[in-house]
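Trainee: Take a look at the following structure, please.
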Amino acid sequence: MNYFTFDEKLLKYDAYAIERTKAAFRDIEDVEEYNQTKVLGAFIEERVSESDFLASTGYGYDDAGRDKLDRIVAKVMGAEDALIRHTFASGTHTLSVALFGVLRPKDKVLVVTGRPYDTIQGVFGIENAPDGSLADFGVEYDEVDLLPDGTVDINAVKSRLSWGEYKMAYIQRSRGYSLRKSLTIEEIKELCSAIKEVSPSTVIMVDNCYGEFTDKTEPTAVGADLMAGSLIKNPGGGIAPCGGYIAGKKRLVEKCSYRMTCAGVGREVGATLGHNRELYMGLFAAPRVTAAALKNAVYSSALFELLGFETTPKYNEKRGDIIQCVLLKNKERLIDFCRGMQSGAPVDSFVIPEPADMPGYDDKVIMAAGAFTLGSSIELSADAPLKEPYAVWMQGGLDFNSAKTGVLLAVSKMIKSGNLKLR
């Protein structure tokens with residue numbers, strides 16, 4: 001049965017886009033195969049057994065499955081040590097635990113990728129510092145602006161580090177609500193080398209959200225001392241219901257574990273309550289699901305470029321994360337896009353997204369997300385503030401075919417509303 005009927009002209013654009021993406025898809029599949037083999041090898045080396053999925057309760061002492069999964073994550077990420085827990089409430093919470101784990105009063109942190117995204121700004125206490133922020137605890141914040149082309153100003157970073165004693169250099173890999181490029185693993189490696197050249201003792205921390213498994217190597221394998229991310233993004237594989245991970249140097253991960261629970265106890269406590277199985281399965285599925293999300297991003301970029309829109313990154317550009325941005329040029333198209341994509345979601349397809357006020361944003365924001373896990377951005381979703389240049393940020397897709405259908409429905413909505421005419 002054919003559930004969806006698309007304009008014949010649109011289907012021609014679809015075919016052109018698929019043809020354009022063949023080379024990029026082959027590269028994605030090569031990375032997927034490498035990462036899947038890497039994950040499988042770590043599972044086999046650690047002798048994963050069904051007994052590792054058993055639930056612990058109470059204090060969670062001696063949870064062998066929990067501790068084994070930590071070791072697997074460390075191996076997969078190319079790190080000395082790791083923590084992976086369902087108890088991390090979000091990516092921002094996980095990053096916050098890592099920051100508070102390492103930084104102390106009067107320490108200085110330098111963000112080298114410009115102003116970070118909105119939710120982490122409260123953690124740093126950049127403006128109007130809330131109670132409990134790093135600023136409230138006496139940690140000093142500084143940042144280096146990006147160059148006009150949106151790339152990291154490495155010379156400015158080195159200059160700043162040469163005259164200031166910074167405990168940490170913080171790298172945001174993904175773009176957030178901005179048009180700057182996400183960082184590839186090669187760019188992160190170059191940046192880490194530059195930082196260590198000038199200030200060897202500075203701890204390099206990477207916000208790796210959206211970047212996991214997009215390349216064969218992770219930041220902790222190319223010079224980063226610490227990184228963190230969310231399990232309802234790439235590394236949870238669309239299966240983990242919540243949680244996050246921290247990976248890096250053993251001494252730093254240990255400090256983070258004391259912030260995660262309490263000093264002197266750290267990783268030794270924390271009941272898994274039966275979530276181990278989902279976290280194991282999610283990690284195992286992550287390379288495949290991330291590849292599907294990357295394919296959807298590449299396809300969407302190719303399709304919208306053919307339709308006459310500016311996209312970033314381009315379909316044939318090297319990518320550092322799963323996010324695709326499309327500049328839709330006006331408010332009506334942006335609303336249509338999100339409503340059309342929502343109509344193709346497996347969950348809440350009948351919901352009609354409406355622009356609304358959101359805390360921390362000056363403009364109304366519209367979101368499309370029909371996910372099995374609330375807020376999961378490894379599942380197909382799109383969101384944007386209603387302001388110039390009326391760009392939409394989309395990401396995810398548990399499999400490519402259903403995600404592509406969601407994108408075609410987004411275009412179809414614009415066509416049916418009269419806000420897009422096909423040539």
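Ordering of the structure tokens sets the chain letters (A, B, ...); residue numbers start at 1 within each chain; ligands are numbered from 1 in the order shown.
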Going by DSSP on the backbone, which bits of region 171-418 of chain A are strand (DSSP E)? Write them as number ranges by chain, please.
Mentor: A: 171-172, 203-207, 226-230, 244-248, 310-312, 324-327, 365-369, 381-385, 391-395
Trainee: Contacts of region 43-54 of chain A at 8 Å or less, counting only C-alpha atoms, minus same-chain residues fewer than 6 places along, as a PDB file with C-alpha atoms, in the first residue's frame?
Mentor:
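To be explicit, this is the file written out as out.pdb:
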ATOM      1  CA  ALA A  64      29.465  -5.840  37.131  1.00  0.00           C
ATOM      2  CA  GLY A  65      27.408  -4.920  34.061  1.00  0.00           C
ATOM      3  CA  ARG A  66      27.608  -1.208  34.859  1.00  0.00           C
ATOM      4  CA  LYS A  68      31.914  -3.416  32.226  1.00  0.00           C
ATOM      5  CA  ARG A  71      35.224  -0.064  30.131  1.00  0.00           C
ATOM      6  CA  ILE A  72      33.587  -0.709  26.756  1.00  0.00           C
ATOM      7  CA  GLY A 274      17.414  -2.640  34.822  1.00  0.00           C
ATOM      8  CA  HIS A 275      18.631  -0.003  32.352  1.00  0.00           C
ATOM      9  CA  ASN A 276      21.905  -1.772  31.534  1.00  0.00           C
ATOM     10  CA  ARG A 277      20.346  -3.768  28.696  1.00  0.00           C
TER      11      ARG A 277
END
Trainee: Please list as a ChimeraX atom specification every residue within 12 Å of Val111 (chain A), counting only C-alpha atoms and excluding residues in the same chain fewer than 3 positions away.
Mentor: /A:108,114-117,120-121,124,126,140-146,152-153,156-157,160-161,166-173,195,203-207
Trainee: How about saving the chosen residues, C-alpha atoms kept, as a CSV table (one decimal), in the first residue's frame?
Mentor:
chain,number,residue,atom,x,y,z
A,108,LYS,CA,39.8,30.0,34.7
A,114,GLY,CA,32.9,31.4,20.6
A,115,ARG,CA,29.8,31.9,22.7
A,116,PRO,CA,28.4,28.4,23.6
A,117,TYR,CA,24.7,27.5,23.1
A,120,ILE,CA,25.3,25.7,28.8
A,121,GLN,CA,25.5,29.4,29.3
A,124,PHE,CA,29.1,28.8,33.1
A,126,ILE,CA,28.1,34.0,31.6
A,140,GLU,CA,36.3,32.6,35.9
A,141,TYR,CA,34.9,32.5,32.3
A,142,ASP,CA,36.5,33.8,29.1
A,143,GLU,CA,36.0,33.1,25.4
A,144,VAL,CA,37.6,33.5,22.0
A,145,ASP,CA,35.4,34.7,19.2
A,146,LEU,CA,35.3,32.8,16.0
A,152,VAL,CA,38.2,28.7,15.2
A,153,ASP,CA,40.8,31.5,15.5
A,156,ALA,CA,43.9,34.1,19.0
A,157,VAL,CA,43.5,30.9,21.1
A,160,ARG,CA,45.2,34.1,25.0
A,161,LEU,CA,46.6,30.9,26.5
A,166,TYR,CA,43.7,28.6,32.2
A,167,LYS,CA,42.8,25.4,33.9
A,168,MET,CA,40.6,24.3,31.0
A,169,ALA,CA,40.1,25.0,27.3
A,170,TYR,CA,36.5,24.1,26.3
A,171,ILE,CA,35.6,23.1,22.7
A,172,GLN,CA,32.0,22.9,21.5
A,173,ARG,CA,32.1,20.5,18.6
A,195,ILE,CA,46.5,24.3,22.8
A,203,VAL,CA,42.8,20.4,30.4
A,204,ILE,CA,41.1,20.2,27.0
A,205,MET,CA,37.4,19.3,27.3
A,206,VAL,CA,35.1,18.7,24.3
A,207,ASP,CA,31.3,18.9,24.2
Trainee: Pick from A:Glu218, A:Ser300, A:Gly340, A:Gly122: nearest to Lys416 (chain A), with only C-alpha atoms counted?
Mentor: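 Ranked by minimum distance to Lys416 (chain A), first place goes to A:Gly340.
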Trainee: Per DSSP on the backbone, what are the alpha helix (DSSP H) residues of region 106-301 of chain A, as a ChimeraX atom specification?
Mentor: /A:118-124,154-163,185-198,250-260,276-301
Trainee: Can you tell me how far CA of Val298 (chain A) sits from CA of Phe25 (chain A), in Å to one decimal?
Mentor: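 Computing it gives 8.1 Å between the two atoms.
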Trainee: Tell me, as a PyMOL selection string, which residues lie within 8 Å of Val347 (chain A), counting only C-alpha atoms; anything in the same chain fewer than 4 positions away does not count.
Mentor: chain A and resi 370-372
Trainee: Which is closer to Val123 (chain A) than all the others in A:Lys421, A:Arg339, A:Lys106, A:His93, using only C-alpha atoms?
Mentor: A:His93
Trainee: Determine the nearest neighbour of Leu191 (chain A) from the options A:Thr113, A:Arg251, A:Ser96, A:Ile378, counting only C-alpha atoms.
Mentor: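 The closest residue to Leu191 (chain A) is A:Thr113.
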Trainee: Which value, in Å to one decimal, gives the distance between CA of Ala263 (chain A) and CA of Thr92 (chain A)?
Mentor: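 Going from CA of Ala263 (chain A) over to CA of Thr92 (chain A), I get 21.2 Å.
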Trainee: Write out as an MDAnalysis selection string each polymer residue whose atoms come within 10 Å of Ile322 (chain A), counting only C-alpha atoms; drop sequence neighbours fewer than 3 positions from it.
Mentor: chainID A and resid 174 182 209:214 233:234 290:298 319 377:378 394:397
Trainee: Hey, what's within 6 Å of Val392 (chain A) if we count only C-alpha atoms and toss same-chain stuff fewer than 2 positions away? As a PyMOL selection string, please?
Mentor: chain A and resi 325-326+383-384
Trainee: For the residues selected in the previous step, produce a file with N, CA and C atoms as a JSON list (two decimals), in the first residue's frame.
Mentor:
[["chain", "number", "residue", "atom", "x", "y", "z"],
["A", 325, "CYS", "N", 21.53, 22.29, 8.40],
["A", 325, "CYS", "CA", 20.84, 23.57, 8.45],
["A", 325, "CYS", "C", 20.43, 23.98, 7.03],
["A", 326, "VAL", "N", 19.19, 24.45, 6.91],
["A", 326, "VAL", "CA", 18.66, 24.92, 5.63],
["A", 326, "VAL", "C", 18.10, 26.33, 5.85],
["A", 383, "ASP", "N", 13.99, 22.15, 14.43],
["A", 383, "ASP", "CA", 13.57, 23.28, 15.27],
["A", 383, "ASP", "C", 14.30, 24.54, 14.83],
["A", 384, "ALA", "N", 13.71, 25.69, 15.20],
["A", 384, "ALA", "CA", 14.31, 26.96, 14.80],
["A", 384, "ALA", "C", 13.60, 28.12, 15.46]]
Trainee: Can you work out which one of A:Ser162, A:Ser133, A:Ser412, A:Ser257 has the shortest atom-to-atom distance to Phe337 (chain A), counting only C-alpha atoms?
Mentor: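 Selected residue with least distance to Phe337 (chain A): A:Ser412.
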Trainee: Go through A:Gly150, A:Pro287, A:Gly375, A:Gly248 one by one, measure the shortest atom-to-atom distance of each to Asp81 (chain A) using only C-alpha atoms, and give the residue with the smallest value.
Mentor: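 Looking at the shortest contact to Asp81 (chain A), the residue is A:Gly248.
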